[in-house]
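Listing of data-v9.cif; format and content: mmCIF, C-alpha atoms.
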```cif
data_data
#
loop_
_atom_site.label_atom_id
_atom_site.label_comp_id
_atom_site.auth_asym_id
_atom_site.auth_seq_id
_atom_site.Cartn_x
_atom_site.Cartn_y
_atom_site.Cartn_z
CA MET J 1 0.00 0.00 0.00
CA LYS J 2 1.69 3.19 -1.21
CA THR J 3 -1.22 5.62 -1.10
CA ILE J 4 -4.23 5.43 1.22
CA LEU J 5 -7.34 7.61 1.54
CA ILE J 6 -9.56 7.81 4.63
CA ILE J 7 -13.04 9.16 3.93
CA ARG J 8 -14.87 10.57 6.93
CA PRO J 9 -15.92 14.01 5.68
CA SER J 10 -18.12 15.28 8.49
CA ALA J 11 -19.40 15.01 12.05
CA MET J 12 -16.60 16.29 14.27
CA GLY J 13 -17.16 13.73 17.00
CA ASP J 14 -17.05 10.83 14.56
CA ILE J 15 -13.85 12.16 13.02
CA VAL J 16 -12.30 12.30 16.49
CA MET J 17 -13.37 8.72 17.17
CA ALA J 18 -12.10 7.56 13.76
CA SER J 19 -8.71 9.24 14.26
CA PRO J 20 -6.99 6.06 15.59
CA LEU J 21 -7.14 4.74 12.02
CA ILE J 22 -4.28 7.10 11.19
CA GLY J 23 -1.89 5.52 13.67
CA ALA J 24 -2.97 2.00 12.74
CA LEU J 25 -2.32 2.67 9.04
CA ARG J 26 1.00 4.36 9.77
CA ARG J 27 2.19 1.43 11.88
CA THR J 28 1.15 -1.06 9.19
CA PHE J 29 2.38 0.94 6.19
CA PRO J 30 5.11 3.27 7.54
CA ALA J 31 6.14 4.56 4.10
CA ALA J 32 2.64 5.10 2.72
CA HIS J 33 1.22 8.47 1.69
CA ILE J 34 -1.88 8.74 3.90
CA CYS J 35 -4.64 11.27 3.16
CA TRP J 36 -7.94 12.17 4.85
CA LEU J 37 -10.86 13.69 2.93
CA LEU J 38 -13.19 15.94 4.92
CA GLU J 39 -15.24 19.13 4.72
CA PRO J 40 -13.30 22.42 4.66
CA HIS J 41 -14.57 23.77 8.00
CA LEU J 42 -13.12 20.71 9.77
CA VAL J 43 -9.68 20.71 8.14
CA ASP J 44 -7.98 22.20 11.23
CA LEU J 45 -9.09 19.17 13.24
CA LEU J 46 -6.50 16.97 11.48
CA ARG J 47 -4.17 19.39 9.69
CA SER J 48 -1.38 19.02 12.29
CA HIS J 49 -1.63 15.28 12.82
CA PRO J 50 1.89 13.86 12.28
CA GLY J 51 0.56 10.58 10.89
CA LEU J 52 -1.18 12.28 7.97
CA ASP J 53 0.60 13.43 4.85
CA GLU J 54 -2.32 15.37 3.43
CA VAL J 55 -5.80 16.63 4.29
CA ILE J 56 -8.04 16.95 1.25
CA PRO J 57 -11.02 19.33 1.53
CA TRP J 58 -14.32 18.22 -0.01
CA PRO J 59 -16.59 21.23 -0.69
CA LYS J 60 -19.86 19.50 0.17
CA ALA J 61 -21.71 22.74 0.97
CA ARG J 62 -20.80 24.19 -2.42
CA TRP J 63 -21.95 21.04 -4.22
CA VAL J 64 -25.26 21.11 -2.34
CA ASP J 65 -25.70 24.77 -3.27
CA LEU J 66 -25.08 24.00 -6.94
CA VAL J 67 -27.76 21.30 -6.82
CA ARG J 68 -30.18 23.69 -5.10
CA ARG J 69 -29.60 26.30 -7.80
CA ARG J 70 -29.86 23.61 -10.50
CA ARG J 71 -26.39 24.40 -11.81
CA PHE J 72 -25.74 20.82 -12.80
CA LEU J 73 -23.09 21.59 -15.44
CA ALA J 74 -20.99 23.47 -12.88
CA LEU J 75 -21.48 20.59 -10.45
CA CYS J 76 -20.27 18.08 -13.04
CA ARG J 77 -17.17 20.19 -13.66
CA GLU J 78 -16.35 20.30 -9.94
CA VAL J 79 -16.93 16.56 -9.52
CA GLY J 80 -14.65 15.96 -12.49
CA GLN J 81 -11.94 18.21 -11.04
CA LEU J 82 -12.01 16.39 -7.72
CA ARG J 83 -11.91 13.03 -9.47
CA LYS J 84 -8.89 14.06 -11.54
CA SER J 85 -7.01 15.29 -8.49
CA LEU J 86 -7.75 12.05 -6.63
CA LEU J 87 -6.82 9.84 -9.57
CA ARG J 88 -3.44 11.55 -9.83
CA LYS J 89 -2.60 10.23 -6.37
CA ARG J 90 -3.12 6.61 -7.51
CA PHE J 91 -4.73 5.37 -4.31
CA ASP J 92 -4.26 1.71 -3.49
CA LEU J 93 -6.84 1.74 -0.68
CA ALA J 94 -9.83 3.93 0.21
CA ILE J 95 -11.44 3.45 3.63
CA ASP J 96 -15.01 4.72 3.83
CA ALA J 97 -15.34 5.35 7.56
CA GLN J 98 -18.87 6.76 7.18
CA GLY J 99 -20.95 4.25 5.25
CA LEU J 100 -23.25 6.66 3.42
CA LEU J 101 -24.04 6.78 -0.30
CA ARG J 102 -22.07 10.01 -0.69
CA SER J 103 -18.98 8.60 1.03
CA ARG J 104 -19.19 5.49 -1.14
CA ILE J 105 -19.37 7.68 -4.23
CA LEU J 106 -16.28 9.57 -3.01
CA ALA J 107 -14.48 6.25 -2.53
CA ARG J 108 -15.33 5.27 -6.11
CA LEU J 109 -14.24 8.67 -7.41
CA SER J 110 -10.86 8.13 -5.77
CA GLY J 111 -10.11 5.31 -8.21
CA ALA J 112 -8.67 3.17 -5.39
CA ARG J 113 -8.41 -0.48 -6.40
CA GLU J 114 -9.53 -1.55 -2.89
CA ARG J 115 -12.48 0.25 -1.31
CA VAL J 116 -13.51 -0.85 2.17
CA GLY J 117 -16.48 0.63 4.00
CA PHE J 118 -19.16 0.14 6.63
CA ASP J 119 -22.39 -1.71 6.08
CA SER J 120 -25.56 0.41 6.22
CA LYS J 121 -29.04 0.73 4.75
CA GLU J 122 -27.75 3.27 2.25
CA PRO J 123 -27.50 2.25 -1.41
CA GLY J 124 -24.21 1.92 -3.26
CA ARG J 125 -22.74 -1.27 -1.83
CA TRP J 126 -21.61 -2.14 -5.35
CA LEU J 127 -19.31 0.90 -5.26
CA MET J 128 -17.17 -0.85 -2.63
CA THR J 129 -14.96 -3.93 -2.89
CA LYS J 130 -15.51 -4.92 0.75
CA ILE J 131 -18.30 -4.17 3.24
CA VAL J 132 -17.64 -4.32 6.98
CA SER J 133 -20.23 -4.77 9.75
CA ARG J 134 -20.63 -2.37 12.71
CA PRO J 135 -20.23 -4.13 16.06
CA GLU J 136 -22.11 -3.29 19.27
CA SER J 137 -19.57 -2.29 21.90
CA ALA J 138 -19.25 0.07 24.87
CA ARG J 139 -15.68 1.04 23.90
CA ILE J 140 -14.87 4.36 22.26
CA SER J 141 -13.91 3.97 18.57
CA SER J 142 -15.08 0.33 18.62
CA GLU J 143 -16.49 0.29 15.07
CA TYR J 144 -13.26 1.72 13.64
CA LEU J 145 -11.20 -0.75 15.67
CA HIS J 146 -13.34 -3.57 14.23
CA LEU J 147 -12.71 -2.28 10.70
CA ALA J 148 -8.97 -1.97 11.34
CA ARG J 149 -8.74 -5.54 12.57
CA LEU J 150 -10.68 -6.91 9.60
CA ILE J 151 -8.21 -5.35 7.17
CA ASN J 152 -5.25 -6.56 9.26
CA LEU J 153 -3.93 -3.24 10.54
CA GLU J 154 -1.58 -3.00 13.52
CA THR J 155 -4.11 -1.45 15.88
CA GLY J 156 -1.95 -0.80 18.95
CA SER J 157 -3.88 0.88 21.78
CA PHE J 158 -6.24 2.40 19.21
CA GLN J 159 -7.15 5.58 21.07
CA PRO J 160 -8.35 8.89 19.58
CA GLU J 161 -5.49 11.29 18.93
CA LEU J 162 -5.52 14.97 18.00
CA VAL J 163 -2.60 17.37 17.67
CA VAL J 164 -2.67 21.14 18.25
CA SER J 165 -0.42 23.34 16.12
CA ALA J 166 2.06 25.69 17.81
CA ARG J 167 0.26 28.64 16.21
CA ASP J 168 -3.14 27.65 17.63
CA ASP J 169 -1.60 26.97 21.03
CA SER J 170 -0.11 30.48 21.01
CA ARG J 171 -3.45 31.97 19.97
CA ALA J 172 -5.24 30.13 22.77
CA ASN J 173 -2.74 31.53 25.25
CA HIS J 174 -3.48 35.01 23.91
CA VAL J 175 -7.24 34.46 24.32
CA LEU J 176 -6.82 33.35 27.93
CA THR J 177 -4.59 36.32 28.71
CA GLU J 178 -6.96 38.73 27.01
CA LYS J 179 -9.92 37.36 29.02
CA GLY J 180 -7.99 37.50 32.27
CA ILE J 181 -8.07 33.74 32.90
CA ARG J 182 -4.92 33.00 34.91
CA ARG J 183 -6.10 29.96 36.86
CA PRO J 184 -7.14 26.42 35.90
CA TYR J 185 -10.44 26.26 34.10
CA ALA J 186 -13.22 23.88 33.12
CA VAL J 187 -14.56 23.72 29.58
CA LEU J 188 -18.33 23.34 29.14
CA CYS J 189 -19.60 21.87 25.84
CA PRO J 190 -23.41 22.23 25.85
CA PHE J 191 -24.19 22.23 22.13
CA THR J 192 -24.82 19.52 19.58
CA THR J 193 -26.86 18.81 16.48
CA ARG J 194 -30.13 17.46 17.88
CA PRO J 195 -32.34 18.79 20.71
CA GLN J 196 -32.76 15.35 22.30
CA LYS J 197 -29.02 15.34 23.05
CA HIS J 198 -29.08 18.71 24.85
CA TRP J 199 -28.85 19.19 28.61
CA PRO J 200 -31.13 21.97 29.98
CA GLU J 201 -29.69 25.46 29.97
CA ASP J 202 -30.55 26.03 33.65
CA HIS J 203 -28.53 22.94 34.52
CA TRP J 204 -25.47 24.35 32.73
CA ALA J 205 -25.72 27.64 34.61
CA ALA J 206 -26.08 25.86 37.95
CA LEU J 207 -23.17 23.53 37.18
CA SER J 208 -20.90 26.41 36.20
CA ASN J 209 -21.53 28.19 39.50
CA ARG J 210 -21.07 24.96 41.45
CA ILE J 211 -17.73 24.26 39.72
CA GLY J 212 -16.53 27.78 40.48
CA ASP J 213 -17.55 27.66 44.15
CA GLY J 214 -16.66 24.05 44.88
CA LEU J 215 -13.61 23.39 42.70
CA GLY J 216 -12.22 26.89 42.30
CA LEU J 217 -12.14 26.58 38.53
CA ALA J 218 -13.05 29.25 36.03
CA THR J 219 -15.52 28.01 33.41
CA ILE J 220 -15.24 28.56 29.67
CA MET J 221 -18.16 27.72 27.38
CA LEU J 222 -17.36 26.65 23.81
CA GLY J 223 -19.50 26.07 20.75
CA GLY J 224 -20.03 27.06 17.13
CA PRO J 225 -21.41 30.24 15.53
CA GLY J 226 -24.91 28.75 15.38
CA ASP J 227 -24.92 28.30 19.17
CA LYS J 228 -24.41 31.95 20.09
CA ASP J 229 -27.99 32.67 21.20
CA ALA J 230 -28.16 29.63 23.46
CA GLY J 231 -24.70 30.45 24.80
CA HIS J 232 -25.83 33.97 25.68
CA ARG J 233 -28.86 32.60 27.56
CA ILE J 234 -26.69 30.22 29.61
CA GLU J 235 -24.26 33.03 30.34
CA GLN J 236 -27.10 35.25 31.60
CA ARG J 237 -28.54 32.49 33.77
CA SER J 238 -25.16 31.93 35.40
CA GLY J 239 -24.96 35.55 36.47
CA ARG J 240 -22.22 36.08 33.89
CA ARG J 241 -19.91 33.74 35.77
CA ILE J 242 -19.23 31.77 32.57
CA MET J 243 -16.60 32.98 30.14
CA ASN J 244 -18.66 32.73 26.95
CA LEU J 245 -16.45 32.03 23.92
CA VAL J 246 -19.17 30.39 21.84
CA GLY J 247 -18.63 31.03 18.14
CA THR J 248 -15.74 33.47 18.70
CA THR J 249 -12.66 31.34 18.01
CA SER J 250 -11.34 29.08 15.28
CA LEU J 251 -11.52 25.30 15.54
CA GLY J 252 -7.77 25.14 16.09
CA VAL J 253 -7.97 27.51 19.07
CA VAL J 254 -10.93 25.57 20.46
CA MET J 255 -8.79 22.41 20.32
CA ALA J 256 -5.99 24.18 22.19
CA LEU J 257 -8.40 25.42 24.87
CA VAL J 258 -9.80 21.92 25.39
CA LYS J 259 -6.29 20.47 25.58
CA ARG J 260 -5.36 22.93 28.36
CA ALA J 261 -8.54 22.37 30.41
CA ALA J 262 -8.46 20.98 33.93
CA LEU J 263 -11.93 19.53 33.33
CA VAL J 264 -14.25 18.98 30.34
CA VAL J 265 -18.02 18.56 30.74
CA GLY J 266 -20.23 18.06 27.71
CA VAL J 267 -22.99 16.24 25.92
CA ASP J 268 -22.61 13.89 22.93
CA THR J 269 -20.70 16.37 20.80
CA GLY J 270 -17.32 16.62 19.12
CA LEU J 271 -15.80 18.88 21.78
CA THR J 272 -16.57 16.36 24.52
CA HIS J 273 -14.92 13.57 22.54
CA MET J 274 -12.02 15.96 22.02
CA GLY J 275 -11.56 16.04 25.80
CA VAL J 276 -11.20 12.24 25.79
CA ALA J 277 -8.71 12.43 22.90
CA PHE J 278 -6.57 14.92 24.84
CA HIS J 279 -6.79 12.77 27.99
CA ARG J 280 -8.46 15.53 29.97
CA PRO J 281 -10.74 14.59 32.91
CA THR J 282 -14.08 14.39 31.08
CA ALA J 283 -17.66 14.07 32.27
CA ALA J 284 -19.95 13.08 29.38
CA ILE J 285 -23.74 13.49 29.67
CA PHE J 286 -25.54 11.06 27.36
CA GLY J 287 -29.24 10.36 26.89
CA SER J 288 -30.81 9.68 23.49
CA THR J 289 -27.42 8.42 22.38
CA CYS J 290 -24.64 6.64 24.23
CA PRO J 291 -21.68 6.33 21.85
CA TYR J 292 -19.45 4.74 24.51
CA THR J 293 -19.08 4.18 28.22
CA GLU J 294 -15.46 3.03 28.18
CA ALA J 295 -12.34 4.80 26.95
CA PRO J 296 -9.17 2.85 27.81
CA GLY J 297 -6.50 5.12 29.23
CA ALA J 298 -8.82 8.11 29.54
CA ARG J 299 -10.12 9.83 32.68
CA LEU J 300 -13.80 9.57 31.86
CA VAL J 301 -17.14 9.45 33.67
CA VAL J 302 -20.25 8.79 31.57
CA LEU J 303 -23.57 9.93 33.04
CA TYR J 304 -26.24 7.85 31.35
CA ASP J 305 -29.43 6.19 32.60
CA GLN J 306 -30.68 3.27 30.54
CA ARG J 307 -34.43 3.49 29.89
CA TYR J 308 -36.94 1.37 28.03
CA CYS J 309 -36.81 3.84 25.13
CA SER J 310 -33.07 4.43 25.01
CA PRO J 311 -31.06 4.99 23.04
CA CYS J 312 -33.70 6.51 20.74
CA ARG J 313 -31.07 8.30 18.63
CA ARG J 314 -32.97 10.19 15.92
CA ARG J 315 -36.45 8.93 16.82
CA PRO J 316 -37.45 10.15 20.30
CA THR J 317 -40.80 8.88 21.60
CA CYS J 318 -41.15 11.28 24.55
CA ASN J 319 -42.88 14.14 22.67
CA GLY J 320 -40.09 16.57 23.39
CA GLU J 321 -39.78 15.84 27.10
CA TYR J 322 -36.23 14.48 26.84
CA SER J 323 -36.46 13.39 30.47
CA CYS J 324 -33.39 11.16 30.03
CA MET J 325 -31.34 14.38 29.96
CA LYS J 326 -33.45 16.64 32.18
CA GLU J 327 -33.40 14.23 35.10
CA ILE J 328 -29.62 14.16 35.27
CA GLY J 329 -29.22 16.97 37.79
CA ALA J 330 -26.43 19.54 38.04
CA GLU J 331 -25.39 18.24 41.48
CA ARG J 332 -24.91 14.73 40.10
CA VAL J 333 -22.69 16.04 37.31
CA TYR J 334 -20.77 18.16 39.80
CA ASP J 335 -20.13 15.12 42.00
CA ALA J 336 -18.74 13.27 38.98
CA ALA J 337 -16.55 16.24 38.08
CA GLN J 338 -15.28 16.47 41.64
CA ARG J 339 -14.28 12.80 41.59
CA LEU J 340 -12.44 13.30 38.31
CA ILE J 341 -10.50 16.26 39.68
CA GLN J 342 -9.63 14.43 42.87
CA ASP J 343 -8.46 11.38 40.94
CA ASN J 344 -6.38 13.62 38.67
CA THR J 345 -4.58 15.24 41.60
CA ALA J 346 -4.18 12.09 43.72
#
```
As a first step, turn the structure in this file into structure tokens.
Amino acid sequence: MKTILIIRPSAMGDIVMASPLIGALRRTFPAAHICWLLEPHLVDLLRSHPGLDEVIPWPKARWVDLVRRRRFLALCREVGQLRKSLLRKRFDLAIDAQGLLRSRILARLSGARERVGFDSKEPGRWLMTKIVSRPESARISSEYLHLARLINLETGSFQPELVVSARDDSRANHVLTEKGIRRPYAVLCPFTTRPQKHWPEDHWAALSNRIGDGLGLATIMLGGPGDKDAGHRIEQRSGRRIMNLVGTTSLGVVMALVKRAALVVGVDTGLTHMGVAFHRPTAAIFGSTCPYTEAPGARLVVLYDQRYCSPCRRRPTCNGEYSCMKEIGAERVYDAAQRLIQDNTA
């Protein structure tokens, strides 16, 4: 294998959990040219990873816009350009770590002679040369570990790994200095893609105040530009005791801030999984989803109550009650955070 392409274009948390594939491929094929294809706004997530030779942006949003505006000729030109650039790399192997029709099409466009991907209900199995099942497991990154073993990779410890660039680390230091944060801090990650995965805003405000009073930590809230309104509400409810950085920094700086944190608390979202990847003490609040309960080598507490309806994932049956999240109280999360901090300093 001289050239290898990993296809996991989107979903920050899933990219974090798929990141051990890089190390497994590098150990198995130390001289290979290894690339990862993903959406442009997520490029900084992997740009500095030493195991990758190249990050290839896929302009999904632009392609979707061309379809919406019915500019099919322009779309065909862009698809052709991407195909040509991929073919020039002469990929021996393409790993579809997503299992959707679009990721299978991207694998086929790569021209790789071997195309391995996950089984799913999506069409396009014929675009792949090998389909891999998804196992049920409580371990973080379990499905990617299963795939790696089936294609005979040297898996090692197979733990998520992210790398922060020196430039982003310096920028994060500047942000902390500018905001007057000179003591250890906790990072709060309240935001994710679906409402059934959210923890109530009042709970976040109460937890922030409890962390400040009980653990002596400052609290920094992180999120994307689309989360600004919710972030402002949480900030107000906390009595402005949260340092609200939602939607104000680049992804690279966010990574650096998470890496420096004394504590990470979040829901099922990419920033929470980032805390696990950086081996920070992490309290994860899960409800409609429970991606993992075990992370070997990580300092992790998962707060999750199994119910008759869980995990409902994308099909909640509670008519918007989301009691699986609401009934996990702020004091319970604080107790978990306190244990993590104590274990970290013991």
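By chain and then residue number, the residues within 12 Å of stretch 314-316 of chain J are J:Thr193, J:Arg194, J:Pro195, J:Gln196, J:Lys197, J:Gly287, J:Ser288, J:Thr289, J:Tyr308, J:Tyr322, J:Ser323, J:Cys324, counting only C-alpha atoms and disregarding those fewer than 6 positions away in sequence.
This file, queried with the PyMOL selection byres ((chain J and resi 47) around 10), gives the residues Trp36, Leu42, Val43, Asp44, Leu45, Leu46, Ser48, His49, Pro50, Leu52, Asp53, Glu54, Val55, Ile56, Leu162, Val163, Val164, Ser165 and Gly252 of chain J.
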Next on the checklist: Suppose a student applies the PyMOL selection byres ((chain J and resi 99) around 10) to this structure; what residues should they get, written as JSON, numbers by chain?
Outcome noted: {"J": [7, 8, 95, 96, 97, 98, 100, 101, 102, 103, 104, 116, 117, 118, 119, 120, 121, 122, 123, 124, 125, 131, 132, 134]}
Next on the checklist: For the provided coordinates, the residues matched by the PyMOL selection byres ((chain J and resi 247) around 9) should be stated as a list in words.
Outcome noted: Leu222, Gly223, Gly224, Pro225, Gly226, Asp227, Lys228, Asn244, Leu245, Val246, Thr248, Thr249 and Ser250 of chain J
Item to check | Minimum-distance residue to J:Ile140, chosen among J:Asp305, J:Glu327, J:Asp14, J:Glu201 (using all atoms listed in the file) | outcome: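 Ranked by minimum distance to J:Ile140, first place goes to J:Asp14.
Among the candidates J:Asp168, J:Glu114, J:Glu136, J:Asp92, the one nearest to J:Val254 when counting only C-alpha atoms is J:Asp168.
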Item to check | Which residue of J:Thr219, J:Thr293, J:Thr3, J:Thr317 approaches J:Ala261 most closely, using all atoms listed in the file | outcome: J:Thr219
Could you build a table of the residues in stretch 155-226 of chain J lying no more than 6 Å from stretch 269-280 of chain J, giving for each the nearest pair of atoms and their separation in Å rounded to one decimal place, using all atoms listed in the file, ordered by chain and ascending residue number, as CSV?
```
residue,atom,partner,partner_atom,distance
J:Pro160,CA,J:Ala277,CA,4.9
J:Glu161,CA,J:Ala277,CA,5.2
J:Thr192,CA,J:Thr269,CA,5.3
```
Item to check | One-decimal distance in Å that lies between atom CA of J:Ala256 and atom CA of J:Ala172 | outcome: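 Going from atom CA of J:Ala172 over to atom CA of J:Ala256 covers 6.0 Å.
Candidate residues J:Leu87, J:Leu215, J:Met255, J:Leu38 were compared for distance to J:Arg339, and the nearest is J:Leu215, using all atoms listed in the file.
The gap separating atom CA of J:Gly80 from atom CA of J:Arg108 is 12.5 Å, in Å to one decimal.
For the pair atom CA of J:Gly23 and atom CA of J:Leu153, the separation is 9.5 Å.
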Checklist entry - For J:Ala61, which residue out of J:His198, J:Arg240, J:His41, J:Arg90 is the nearest one, using only C-alpha atoms? => result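 Nearest to J:Ala61: J:His41.
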Next on the checklist: With only C-alpha atoms as the counted atoms, please give the residues lying no more than 12 Å from J:Arg182, apart from itself and same-chain residues fewer than 4 positions off, as a VMD selection string.
Outcome noted: chain J and resid 173 to 178 217 to 219
Next on the checklist: Here's a test: counting all atoms listed in the file, identify every protein, DNA and RNA residue with an atom at most 9 Å from (-29.7, 30.8, 29.2) in the file's coordinate frame, and state them as a PyMOL selection string.
Outcome noted: chain J and resi 200-202+204-205+229-238
Checklist entry - Which of these residues is nearest to J:Leu25, using only C-alpha atoms: J:Phe91, J:Glu154, J:Ser133, J:Glu143? => result J:Glu154
Item to check | Distance query 6 Å from (-15.9, 20.2, 25.0) using all atoms listed in the file, result as an NGL selection string | outcome: :J and (187-189 or 264 or 266 or 271-272)
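Using only C-alpha atoms, the protein and nucleic acid residues lying no more than 10 Å from J:Glu78, apart from those fewer than 6 places from it along its own chain, are Pro59, Arg62, Trp63, Leu66, Phe72 and Lys84 of chain J.
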